[in-house]
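Text of data-v7.cif (mmCIF, C-alpha atoms) as supplied:
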data_input
loop_
_atom_site.label_atom_id
_atom_site.label_comp_id
_atom_site.auth_asym_id
_atom_site.auth_seq_id
_atom_site.Cartn_x
_atom_site.Cartn_y
_atom_site.Cartn_z
CA MET A 283 106.55 86.06 162.52
CA THR A 284 106.89 85.68 158.76
CA PRO A 285 108.10 82.17 157.76
CA PRO A 286 111.66 82.13 156.34
CA ALA A 287 110.46 81.09 152.85
CA HIS A 288 108.05 84.02 152.75
CA ARG A 289 110.80 86.39 153.91
CA THR A 290 113.08 85.16 151.13
CA ARG A 291 110.41 85.61 148.45
CA ALA A 292 109.51 89.05 149.77
CA ARG A 293 113.15 90.15 149.82
CA ALA A 294 113.62 88.95 146.24
CA LEU A 295 110.77 91.18 145.05
CA VAL A 296 112.29 94.42 146.33
CA PRO A 297 114.88 95.00 143.55
CA ALA A 298 112.20 94.43 140.90
CA LEU A 299 109.86 96.89 142.63
CA VAL A 300 112.59 99.51 142.83
CA VAL A 301 113.48 99.08 139.16
CA LEU A 302 109.81 99.28 138.21
CA GLY A 303 109.30 102.40 140.33
CA ILE A 304 112.30 104.12 138.76
CA ALA A 305 111.19 103.02 135.29
CA LEU A 306 107.72 104.53 135.81
CA ARG A 307 109.26 107.84 136.87
CA LEU A 308 111.66 107.86 133.95
CA ALA A 309 108.89 106.97 131.50
CA HIS A 310 106.87 109.98 132.62
CA TYR A 311 109.98 112.15 132.55
CA PHE A 312 110.98 111.19 129.01
CA ASP A 313 107.40 111.58 127.83
CA ASN A 314 108.36 115.26 128.04
CA ARG A 315 104.84 116.64 128.02
CA SER A 316 104.34 120.39 127.94
CA LEU A 317 104.27 122.25 131.22
CA TRP A 318 100.79 122.75 132.60
CA SER A 319 99.79 126.21 133.80
CA ASP A 320 100.99 125.96 137.41
CA GLU A 321 104.31 124.44 136.37
CA ALA A 322 104.81 127.13 133.73
CA ALA A 323 104.01 129.89 136.23
CA LEU A 324 106.59 128.61 138.70
CA ALA A 325 109.16 127.94 135.96
CA ALA A 326 108.81 131.53 134.72
CA ASN A 327 109.89 132.78 138.13
CA VAL A 328 112.93 130.50 138.17
CA ILE A 329 114.03 131.41 134.65
CA SER A 330 113.56 135.16 134.90
CA ARG A 331 114.95 135.83 138.38
CA SER A 332 118.36 135.86 140.02
CA PHE A 333 119.12 133.70 143.05
CA ALA A 334 118.60 136.70 145.33
CA ALA A 335 115.31 137.66 143.67
CA LEU A 336 113.95 134.17 144.29
CA THR A 337 113.67 135.08 147.98
CA GLU A 338 111.12 137.76 147.09
CA PRO A 339 107.38 137.09 146.60
CA LEU A 340 106.94 135.04 143.45
CA ALA A 341 104.85 136.27 140.53
CA ASN A 342 101.73 134.52 139.23
CA ASP A 343 100.52 133.63 142.75
CA GLN A 344 103.20 131.00 143.23
CA ALA A 345 105.03 129.81 146.34
CA ALA A 346 107.89 127.33 146.69
CA PRO A 347 110.77 126.79 149.15
CA TYR A 348 113.99 128.55 148.32
CA GLY A 349 116.01 125.34 148.22
CA PHE A 350 113.86 123.94 145.42
CA LEU A 351 113.98 127.21 143.50
CA ALA A 352 117.76 127.61 143.89
CA LEU A 353 118.52 124.04 142.80
CA THR A 354 116.32 124.41 139.73
CA LYS A 355 117.87 127.81 138.95
CA ALA A 356 121.37 126.33 139.11
CA LEU A 357 120.40 123.62 136.61
CA VAL A 358 118.77 126.18 134.31
CA LEU A 359 121.95 128.28 134.30
CA GLY A 360 124.04 125.22 133.54
CA PHE A 361 121.89 123.33 131.06
CA GLY A 362 119.14 125.61 129.74
CA SER A 363 115.45 125.92 130.43
CA SER A 364 113.95 122.90 128.67
CA GLU A 365 111.22 120.83 130.31
CA TYR A 366 113.82 118.11 130.95
CA VAL A 367 116.00 120.48 132.94
CA LEU A 368 113.13 122.09 134.84
CA ARG A 369 111.86 118.65 135.91
CA LEU A 370 115.23 117.23 136.90
CA VAL A 371 115.12 118.22 140.59
CA PRO A 372 111.70 116.56 141.13
CA LEU A 373 112.85 113.46 139.22
CA LEU A 374 116.05 113.03 141.22
CA ALA A 375 114.17 113.69 144.44
CA GLY A 376 111.55 111.10 143.52
CA ILE A 377 114.13 108.43 142.69
CA GLY A 378 116.21 109.31 145.75
CA ALA A 379 113.15 109.12 147.99
CA LEU A 380 112.33 105.64 146.67
CA LEU A 381 115.87 104.38 147.35
CA LEU A 382 115.87 105.85 150.86
CA PHE A 383 112.39 104.46 151.54
CA VAL A 384 113.64 100.92 150.96
CA ARG A 385 116.03 101.38 153.87
CA LEU A 386 113.34 103.03 156.01
CA ALA A 387 110.81 100.26 155.40
CA ARG A 388 113.33 97.51 156.14
CA THR A 389 114.38 99.31 159.32
CA LEU A 390 110.86 99.41 160.73
CA LEU A 391 108.87 96.53 159.26
CA ASP A 392 108.86 92.77 158.83
CA GLU A 393 110.17 91.71 155.43
CA ARG A 394 106.74 91.06 153.91
CA ALA A 395 105.25 94.27 155.29
CA ALA A 396 108.31 96.20 154.12
CA THR A 397 107.94 94.75 150.62
CA LEU A 398 104.29 95.81 150.51
CA ALA A 399 105.21 99.31 151.69
CA ILE A 400 107.91 99.54 149.02
CA ALA A 401 105.40 98.40 146.39
CA PHE A 402 103.02 101.16 147.45
CA PHE A 403 105.76 103.76 147.39
CA ALA A 404 107.11 102.65 144.03
CA LEU A 405 103.78 102.40 142.23
CA VAL A 406 101.11 104.74 143.63
CA ARG A 407 100.16 107.44 141.18
CA PRO A 408 100.72 110.61 143.25
CA LEU A 409 104.31 109.70 144.11
CA VAL A 410 105.04 108.90 140.47
CA ARG A 411 103.22 111.95 139.11
CA TYR A 412 104.87 114.54 141.33
CA SER A 413 108.31 113.10 140.58
CA VAL A 414 108.03 114.74 137.15
CA GLU A 415 106.30 118.06 137.88
CA VAL A 416 108.01 121.42 138.27
CA LYS A 417 106.67 121.70 141.80
CA PRO A 418 108.35 121.07 145.17
CA TYR A 419 106.20 118.14 146.33
CA SER A 420 108.65 115.43 145.29
CA LEU A 421 111.40 117.20 147.21
CA ASP A 422 109.04 117.32 150.22
CA VAL A 423 108.88 113.52 150.11
CA PHE A 424 112.65 113.12 149.77
CA VAL A 425 113.24 115.41 152.75
CA ALA A 426 110.57 113.58 154.78
CA VAL A 427 112.09 110.13 154.21
CA GLY A 428 115.57 111.45 154.98
CA LEU A 429 114.42 113.11 158.19
CA LEU A 430 112.58 109.98 159.34
CA LEU A 431 115.80 107.97 158.94
CA VAL A 432 117.73 110.63 160.86
CA PHE A 433 115.12 110.73 163.64
CA LEU A 434 115.20 106.96 164.07
CA ALA A 435 118.99 107.01 164.27
CA ALA A 436 118.79 109.80 166.86
CA LYS A 437 116.29 107.83 168.94
CA ARG A 438 118.57 104.77 168.92
CA ALA A 439 121.55 106.91 169.91
CA LEU A 440 119.59 108.42 172.80
CA ASP A 441 118.39 105.01 173.99
CA GLU A 442 121.91 103.60 173.88
CA GLN A 443 123.43 106.74 175.43
CA ARG A 444 125.85 107.27 172.55
CA PHE A 445 124.49 110.62 171.36
CA ALA A 446 127.84 112.28 170.64
CA PRO A 447 128.15 116.10 170.20
CA ARG A 448 128.91 115.68 166.49
CA PHE A 449 125.67 113.69 166.13
CA ALA A 450 123.79 116.58 167.74
CA VAL A 451 125.40 119.01 165.30
CA GLY A 452 124.57 116.75 162.35
CA LEU A 453 120.98 116.39 163.49
CA GLY A 454 120.70 120.15 163.91
CA MET A 455 122.19 120.89 160.50
CA ALA A 456 119.95 118.34 158.77
CA GLY A 457 116.85 120.01 160.17
CA ALA A 458 118.16 123.51 159.55
CA LEU A 459 118.73 122.69 155.88
CA ALA A 460 115.36 120.93 155.59
CA VAL A 461 113.31 124.04 156.41
CA TRP A 462 114.84 125.82 153.41
CA SER A 463 114.07 122.92 151.09
CA SER A 464 110.59 121.86 152.16
CA TYR A 465 107.84 123.90 153.82
CA PRO A 466 106.18 120.91 155.57
CA SER A 467 109.50 119.80 157.05
CA VAL A 468 108.49 122.13 159.88
CA PHE A 469 105.83 119.60 160.88
CA LEU A 470 108.35 116.76 160.81
CA LEU A 471 110.82 118.69 162.94
CA ALA A 472 108.17 119.78 165.42
CA ALA A 473 106.95 116.17 165.67
CA ALA A 474 110.51 114.94 166.21
CA ALA A 475 111.23 117.54 168.89
CA LEU A 476 108.02 116.77 170.78
CA THR A 477 108.55 113.01 170.44
CA MET A 478 112.20 112.89 171.46
CA PHE A 479 111.73 115.26 174.38
CA GLY A 480 108.69 113.24 175.47
CA HIS A 481 110.59 109.97 175.00
CA ALA A 482 113.44 111.22 177.19
CA LEU A 483 111.09 112.47 179.90
CA ALA A 484 109.13 109.21 179.87
CA ARG A 485 112.32 107.39 180.77
CA GLY A 486 112.69 109.62 183.81
CA ASP A 487 116.15 110.87 182.89
CA ALA A 488 116.36 114.62 182.31
CA ARG A 489 119.99 114.25 181.23
CA ARG A 490 118.74 112.71 178.00
CA LEU A 491 117.28 116.09 177.09
CA ARG A 492 120.63 117.86 176.96
CA PRO A 493 121.78 116.48 173.58
CA LEU A 494 118.49 117.65 172.04
CA VAL A 495 118.90 121.30 172.98
CA LEU A 496 121.41 122.19 170.23
CA PRO A 497 119.42 120.58 167.38
CA ALA A 498 116.22 122.26 168.58
CA VAL A 499 117.95 125.66 168.72
CA LEU A 500 119.39 125.22 165.22
CA TRP A 501 116.03 124.15 163.83
CA GLY A 502 114.25 127.09 165.42
CA ALA A 503 116.85 129.63 164.32
CA SER A 504 116.88 128.33 160.74
CA PHE A 505 113.10 128.42 160.55
CA ALA A 506 113.00 131.97 161.93
CA VAL A 507 115.44 133.19 159.27
CA ALA A 508 113.64 131.28 156.50
CA TYR A 509 110.33 132.73 157.62
CA VAL A 510 111.60 136.30 157.54
CA VAL A 511 113.47 135.90 154.25
CA CYS A 512 111.08 133.70 152.25
CA LEU A 513 108.01 132.41 154.00
CA ARG A 514 106.38 135.51 155.44
CA ASP A 515 105.07 136.88 152.14
CA ALA A 516 103.72 133.51 151.01
CA ALA A 517 101.97 133.05 154.36
CA ALA A 518 100.38 136.50 154.01
CA SER A 519 99.15 135.98 150.44
CA GLU A 520 95.42 136.75 150.32
CA TYR A 521 95.07 134.97 146.99
CA LEU A 522 96.58 131.70 148.26
CA HIS A 523 94.52 131.86 151.45
CA SER A 524 91.30 132.45 149.51
CA PHE A 525 92.13 129.70 147.02
CA TRP A 526 92.73 127.06 149.67
CA ALA A 527 89.77 128.18 151.76
CA ASN A 528 87.26 127.93 148.92
CA ASP A 529 88.39 126.35 145.69
CA PRO A 530 90.11 122.96 146.01
CA PRO A 531 87.63 120.07 146.04
CA GLN A 532 88.01 117.33 148.65
CA VAL A 533 87.42 113.81 147.45
CA GLY A 534 83.64 113.38 147.27
CA ALA A 535 82.90 116.88 148.55
CA PRO A 536 83.61 119.56 145.94
CA GLU A 537 82.26 122.41 148.06
CA LEU A 538 84.69 121.86 150.94
CA GLY A 539 87.93 123.80 151.30
CA ALA A 540 91.30 122.78 152.68
CA PHE A 541 91.04 124.28 156.18
CA LEU A 542 89.62 122.26 159.04
CA PRO A 543 86.34 123.86 160.22
CA PHE A 544 86.71 124.06 164.00
CA PRO A 545 84.41 124.14 165.69
CA PRO A 546 82.02 122.79 163.04
CA THR A 547 78.96 124.99 162.70
CA SER A 548 77.04 123.32 159.86
CA ALA A 549 76.34 119.94 158.32
CA SER A 550 78.88 120.74 155.61
CA ASP A 551 81.52 121.38 158.30
CA VAL A 552 80.73 118.05 159.95
CA ARG A 553 81.05 116.26 156.59
CA TRP A 554 84.52 117.75 156.17
CA TYR A 555 85.99 115.46 158.81
CA PRO A 556 85.21 111.96 157.48
CA LEU A 557 85.40 112.95 153.82
CA THR A 558 88.77 114.67 154.17
CA LEU A 559 90.38 112.11 156.44
CA LEU A 560 89.20 109.19 154.30
CA GLY A 561 90.10 111.15 151.17
CA MET A 562 93.73 111.25 152.32
CA PHE A 563 94.08 107.57 151.51
CA ALA A 564 93.18 108.26 147.87
CA ASP A 565 95.03 111.58 147.62
CA PRO A 566 97.93 111.81 148.39
CA LEU A 567 98.45 108.15 149.31
CA GLY A 568 97.07 106.86 146.01
CA LEU A 569 95.07 103.99 147.59
CA GLN A 570 91.65 103.99 145.96
CA LEU A 571 90.04 101.51 148.39
CA ARG A 572 89.88 104.20 151.03
CA GLY A 573 87.85 102.35 153.64
CA LEU A 574 90.07 99.27 153.46
CA ALA A 575 93.21 101.42 153.56
CA ALA A 576 91.89 103.28 156.62
CA PHE A 577 91.17 99.97 158.36
CA ALA A 578 94.70 98.74 157.60
CA PHE A 579 96.10 102.06 158.85
CA VAL A 580 94.34 101.67 162.22
CA ALA A 581 95.63 98.08 162.44
CA GLY A 582 99.14 99.33 161.69
CA CYS A 583 98.92 101.96 164.43
CA LEU A 584 97.84 99.26 166.89
CA ARG A 585 100.83 97.12 165.88
CA PHE A 586 103.13 100.04 166.75
CA ARG A 587 101.39 100.93 170.01
CA ARG A 588 104.37 99.73 172.06
CA GLU A 589 106.78 101.73 169.89
CA ARG A 590 105.17 105.03 170.74
CA ALA A 591 108.07 107.21 169.66
CA THR A 592 108.23 105.56 166.24
CA LEU A 593 104.46 105.78 165.85
CA ALA A 594 104.66 109.48 166.69
CA PHE A 595 107.38 110.07 164.08
CA LEU A 596 105.08 108.52 161.45
CA THR A 597 101.76 110.12 162.38
CA VAL A 598 102.25 113.38 164.28
CA PRO A 599 103.50 115.38 161.22
CA ALA A 600 100.11 114.88 159.55
CA LEU A 601 98.27 115.68 162.79
CA LEU A 602 100.23 118.93 163.12
CA ALA A 603 99.23 119.88 159.57
CA LEU A 604 95.61 119.17 160.53
CA LEU A 605 95.99 121.42 163.58
CA ALA A 606 97.61 124.15 161.48
CA SER A 607 94.72 123.96 159.03
CA ALA A 608 92.29 124.68 161.86
CA PHE A 609 94.07 128.03 162.27
CA GLU A 610 94.18 128.47 158.47
CA LEU A 611 97.97 128.37 158.51
CA TYR A 612 98.47 125.37 156.19
CA PRO A 613 96.02 123.72 153.77
CA PHE A 614 95.17 120.14 154.65
CA TYR A 615 94.87 118.94 151.10
CA GLY A 616 96.18 116.35 148.65
CA ARG A 617 99.56 117.21 147.22
CA LEU A 618 100.43 119.49 150.14
CA LEU A 619 100.28 116.39 152.35
CA LEU A 620 102.51 114.28 150.14
CA TYR A 621 105.32 114.68 152.69
CA ALA A 622 103.22 112.55 155.11
CA ALA A 623 102.84 109.69 152.61
CA PRO A 624 106.00 107.76 153.64
CA GLY A 625 104.94 107.43 157.27
CA LEU A 626 101.30 106.70 156.53
CA LEU A 627 102.08 104.13 153.84
CA LEU A 628 104.36 102.29 156.27
CA LEU A 629 101.48 102.00 158.73
CA VAL A 630 98.99 100.89 156.06
CA ALA A 631 101.43 98.21 154.89
CA GLU A 632 102.09 97.02 158.43
CA GLY A 633 98.37 96.84 159.14
CA ALA A 634 97.59 95.02 155.89
CA HIS A 635 100.33 92.50 156.64
CA ALA A 636 98.99 91.97 160.15
CA ILE A 637 95.46 91.38 158.84
CA VAL A 638 96.65 88.89 156.21
CA ALA A 639 98.84 87.09 158.75
CA ALA A 640 95.90 86.80 161.16
CA CYS A 641 93.73 85.38 158.38
CA GLU A 642 96.43 82.84 157.42
CA THR A 643 96.71 81.74 161.07
CA SER A 644 92.95 81.33 161.33
CA PHE A 645 92.78 79.25 158.16
CA ARG A 646 95.62 76.99 159.31
CA ALA A 647 93.88 76.51 162.65
#
Would you mind writing the file's structure down as structure tokens?
Amino acid sequence: MTPPAHRTRARALVPALVVLGIALRLAHYFDNRSLWSDEAALAANVISRSFAALTEPLANDQAAPYGFLALTKALVLGFGSSEYVLRLVPLLAGIGALLLFVRLARTLLDERAATLAIAFFALVRPLVRYSVEVKPYSLDVFVAVGLLLVFLAAKRALDEQRFAPRFAVGLGMAGALAVWSSYPSVFLLAAAALTMFGHALARGDARRLRPLVLPAVLWGASFAVAYVVCLRDAAASEYLHSFWANDPPQVGAPELGAFLPFPPTSASDVRWYPLTLLGMFADPLGLQLRGLAAFAFVAGCLRFRRERATLAFLTVPALLALLASAFELYPFYGRLLLYAAPGLLLLVAEGAHAIVAACETSFRA
């Protein structure tokens, strides 16, 4: 347990970290740099198309969820097409994600571990950078943090047998809206469905499954419609598939693509595994001491081993993306994994806190 004095000091740091995190995002936003090529290509689609036309395949080899495109389009119609306006959705999503993450961290972690997790989230470069880019990755993070909070509330309601019908409808609607706003929300929803169904079955009470049927049906139906209307063409893009299969460099291995080679058939394929999985801690998590971060992550997972459902909420979305990459359905790469950063950073922070606490105990002994 963290001593009371340490808890008090840790709690006092949180407002300063939040202010600093928001200030960093605003500083980058008001720097108002010119759009880089990928931003400009996506912005051109938003500016030139109607709301209905944004459901069609985007020009310039771009892809983005309809919710992100529609929100940005609405702002453009209301306030013009300056860089400030085009970057407003990512900025608000980045700030909103930080504020929600404070609640998430304090819900799951000891005060000192939560403060460390909040520091990571507020300050790491990828989360700051993508809060001011005309790309959907910041919205992915906002949706991920929101869904994690909803999933934890649903788990508590199931455990306490107070899962009211209106809660089931709310859970279903939250997930149904998420799939239109964030592509990788599918991994979060699939992880939640598997986890909550498994959690109910593990308790030996099939009646606990009934409240989950409606949310699962709503999630599946919404995804099916979104796939037909928006996702199908992006998924079938030969250019995007070729790009992710060949071009993006993994950290330390520039010749490796973003799809998991399974089964591995060469030395290069074998290298993909450690280099990519360790590389995650640098990009998208923004932790440059990758080996140390990986060690802390494993320690954090061990700390949550008795909270298996919570551990699954935090880790399974990234594992599902890894599985999808083996079938070349989703690139396992950097910014496309930013949605997994909240859960993984919580585990790294918990593990780091556990290691420091163990060292402090040893020194005192």
Each range 366-457 of chain A residue no farther than 9 Å from range 581-605 of chain A, nearest pair in Å, all atoms listed in the file, as a Markdown table:
| residue | atom | partner | partner_atom | distance |
| --- | --- | --- | --- | --- |
| A:Leu390 | CA | A:Thr592 | CA | 8.7 |
| A:Leu430 | CA | A:Phe595 | CA | 7.0 |
| A:Phe433 | CA | A:Phe595 | CA | 7.8 |
| A:Leu434 | CA | A:Thr592 | CA | 7.4 |
| A:Lys437 | CA | A:Ala591 | CA | 8.3 |
Q.
With distances taken over only C-alpha atoms, which residue among A:Phe361, A:Trp501, A:Phe402, A:Trp318 lies nearest Val384 in chain A?
A. A:Phe402
Q: Work out how far apart CA of Leu386 in chain A and CA of Gly303 in chain A are and give it in Å to one decimal.
A: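 That distance, rounded to one decimal, is 16.2 Å.
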Q.
Evaluated on this file, the PyMOL selection byres ((chain A and resi 505-518) around 7) picks out some residues - which ones are they, written as a list in words?
A. Thr337, Glu338, Pro339, Ala345, Val461, Trp462, Trp501, Gly502, Ala503, Ser504, Ser519 and Glu520 of chain A
**Q.** For Val468 in chain A, the nearest of the candidates A:Ala606, A:Ala564, A:Ala640, A:Val296, counting only C-alpha atoms
**A.** A:Ala606
Q: Rank A:Leu619, A:Leu391, A:Phe424, A:Leu567 by their smallest atom-to-atom distance to Leu405 in chain A, using all atoms listed in the file, and report the top residue only.
A: A:Leu567
Q: For CA of Ser464 in chain A and CA of Val630 in chain A, determine how far apart the two atoms are, in Å to one decimal place.
A: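 Interatomic distance here is 24.3 Å.
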Q) Which residue, A:Tyr621, A:Trp526, A:Phe333, A:Tyr419, has the smallest gap to Ala346 in chain A when you use all atoms listed in the file? A)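 Closest candidate: A:Tyr419.
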Q: Just say which residues the PyMOL selection byres ((chain A and resi 496) around 10) picks in this file, as number ranges by chain.
A: A: 447, 450-451, 453-455, 492-495, 497-502
(Q) Please determine, counting all atoms listed in the file, which residue among A:Phe403, A:Tyr615, A:Tyr311, A:Phe544 has the shortest atom-to-atom distance to Leu559 in chain A. (A) A:Tyr615
Centre and edges of the range 598-611 of chain A box, axis-aligned, 8 Å extra per side, as AutoDock Vina command-line options:
--center_x 97.9 --center_y 120.9 --center_z 161.4 --size_x 27.2 --size_y 31.1 --size_z 21.8
(Q) Assuming the chain letters and numbering stay as they are in my file, what does the PyMOL selection byres ((chain A and resi 560) around 9) actually select? List them as a list of chain:residue names. (A) A:Val533, A:Tyr555, A:Pro556, A:Leu557, A:Thr558, A:Leu559, A:Gly561, A:Met562, A:Phe563, A:Ala564, A:Arg572, A:Gly573, A:Ala575, A:Ala576
(Q) Given only C-alpha atoms as the basis, pick out the residue of A:Ala305, A:Ala484, A:Ala474, A:Ala622 nearest to Ser420 in chain A. (A)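 Nearest to Ser420 in chain A: A:Ala622.
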(Q) What's the separation between CA of Arg444 in chain A and CA of Ser467 in chain A, in Å to one decimal place? (A)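 Interatomic distance, CA of Arg444 in chain A to CA of Ser467 in chain A: 25.8 Å.
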Q: Would you kindly return, as number ranges by chain, each protein, DNA or RNA residue with an atom no farther than 8 Å from any atom of Ala323 in chain A, considering only C-alpha atoms and excluding same-chain residues fewer than 4 positions away?
A: A: 319, 327, 341-342, 344
For range 400-416 of chain A, supply N, CA, C and O atoms and report the output as a CSV table (one decimal), in the frame of the given file.
chain,number,residue,atom,x,y,z
A,400,ILE,N,107.1,99.1,150.1
A,400,ILE,CA,107.9,99.5,149.0
A,400,ILE,C,107.1,99.5,147.7
A,400,ILE,O,107.2,100.4,146.8
A,401,ALA,N,106.3,98.5,147.6
A,401,ALA,CA,105.4,98.4,146.4
A,401,ALA,C,104.5,99.6,146.3
A,401,ALA,O,104.3,100.2,145.2
A,402,PHE,N,103.8,100.0,147.4
A,402,PHE,CA,103.0,101.2,147.4
A,402,PHE,C,103.8,102.4,147.0
A,402,PHE,O,103.4,103.1,146.1
A,403,PHE,N,105.0,102.6,147.6
A,403,PHE,CA,105.8,103.8,147.4
A,403,PHE,C,106.2,103.8,145.9
A,403,PHE,O,106.3,104.9,145.3
A,404,ALA,N,106.6,102.7,145.4
A,404,ALA,CA,107.1,102.6,144.0
A,404,ALA,C,106.0,102.9,143.0
A,404,ALA,O,106.3,103.5,141.9
A,405,LEU,N,104.8,102.5,143.3
A,405,LEU,CA,103.8,102.4,142.2
A,405,LEU,C,102.6,103.4,142.4
A,405,LEU,O,102.0,103.6,141.3
A,406,VAL,N,102.3,103.9,143.5
A,406,VAL,CA,101.1,104.7,143.6
A,406,VAL,C,101.3,106.0,142.8
A,406,VAL,O,102.3,106.6,142.7
A,407,ARG,N,100.1,106.4,142.2
A,407,ARG,CA,100.2,107.4,141.2
A,407,ARG,C,100.7,108.8,141.7
A,407,ARG,O,101.5,109.4,141.0
A,408,PRO,N,100.2,109.3,142.8
A,408,PRO,CA,100.7,110.6,143.2
A,408,PRO,C,102.2,110.7,143.4
A,408,PRO,O,102.9,111.7,143.0
A,409,LEU,N,102.9,109.7,143.9
A,409,LEU,CA,104.3,109.7,144.1
A,409,LEU,C,105.0,109.6,142.8
A,409,LEU,O,106.1,110.2,142.6
A,410,VAL,N,104.5,108.9,141.8
A,410,VAL,CA,105.0,108.9,140.5
A,410,VAL,C,104.8,110.2,139.8
A,410,VAL,O,105.7,110.8,139.2
A,411,ARG,N,103.6,110.7,139.8
A,411,ARG,CA,103.2,112.0,139.1
A,411,ARG,C,104.1,113.1,139.5
A,411,ARG,O,104.6,113.9,138.7
A,412,TYR,N,104.2,113.3,140.9
A,412,TYR,CA,104.9,114.5,141.3
A,412,TYR,C,106.4,114.4,141.3
A,412,TYR,O,107.1,115.4,141.6
A,413,SER,N,106.9,113.2,140.8
A,413,SER,CA,108.3,113.1,140.6
A,413,SER,C,108.7,113.7,139.2
A,413,SER,O,109.9,113.8,138.9
A,414,VAL,N,107.7,114.2,138.5
A,414,VAL,CA,108.0,114.7,137.2
A,414,VAL,C,107.2,116.0,136.9
A,414,VAL,O,106.9,116.4,135.8
A,415,GLU,N,107.0,116.8,138.0
A,415,GLU,CA,106.3,118.1,137.9
A,415,GLU,C,107.2,119.1,138.4
A,415,GLU,O,107.9,118.9,139.4
A,416,VAL,N,107.2,120.3,137.8
A,416,VAL,CA,108.0,121.4,138.3
A,416,VAL,C,107.3,122.1,139.5
A,416,VAL,O,106.8,123.2,139.4
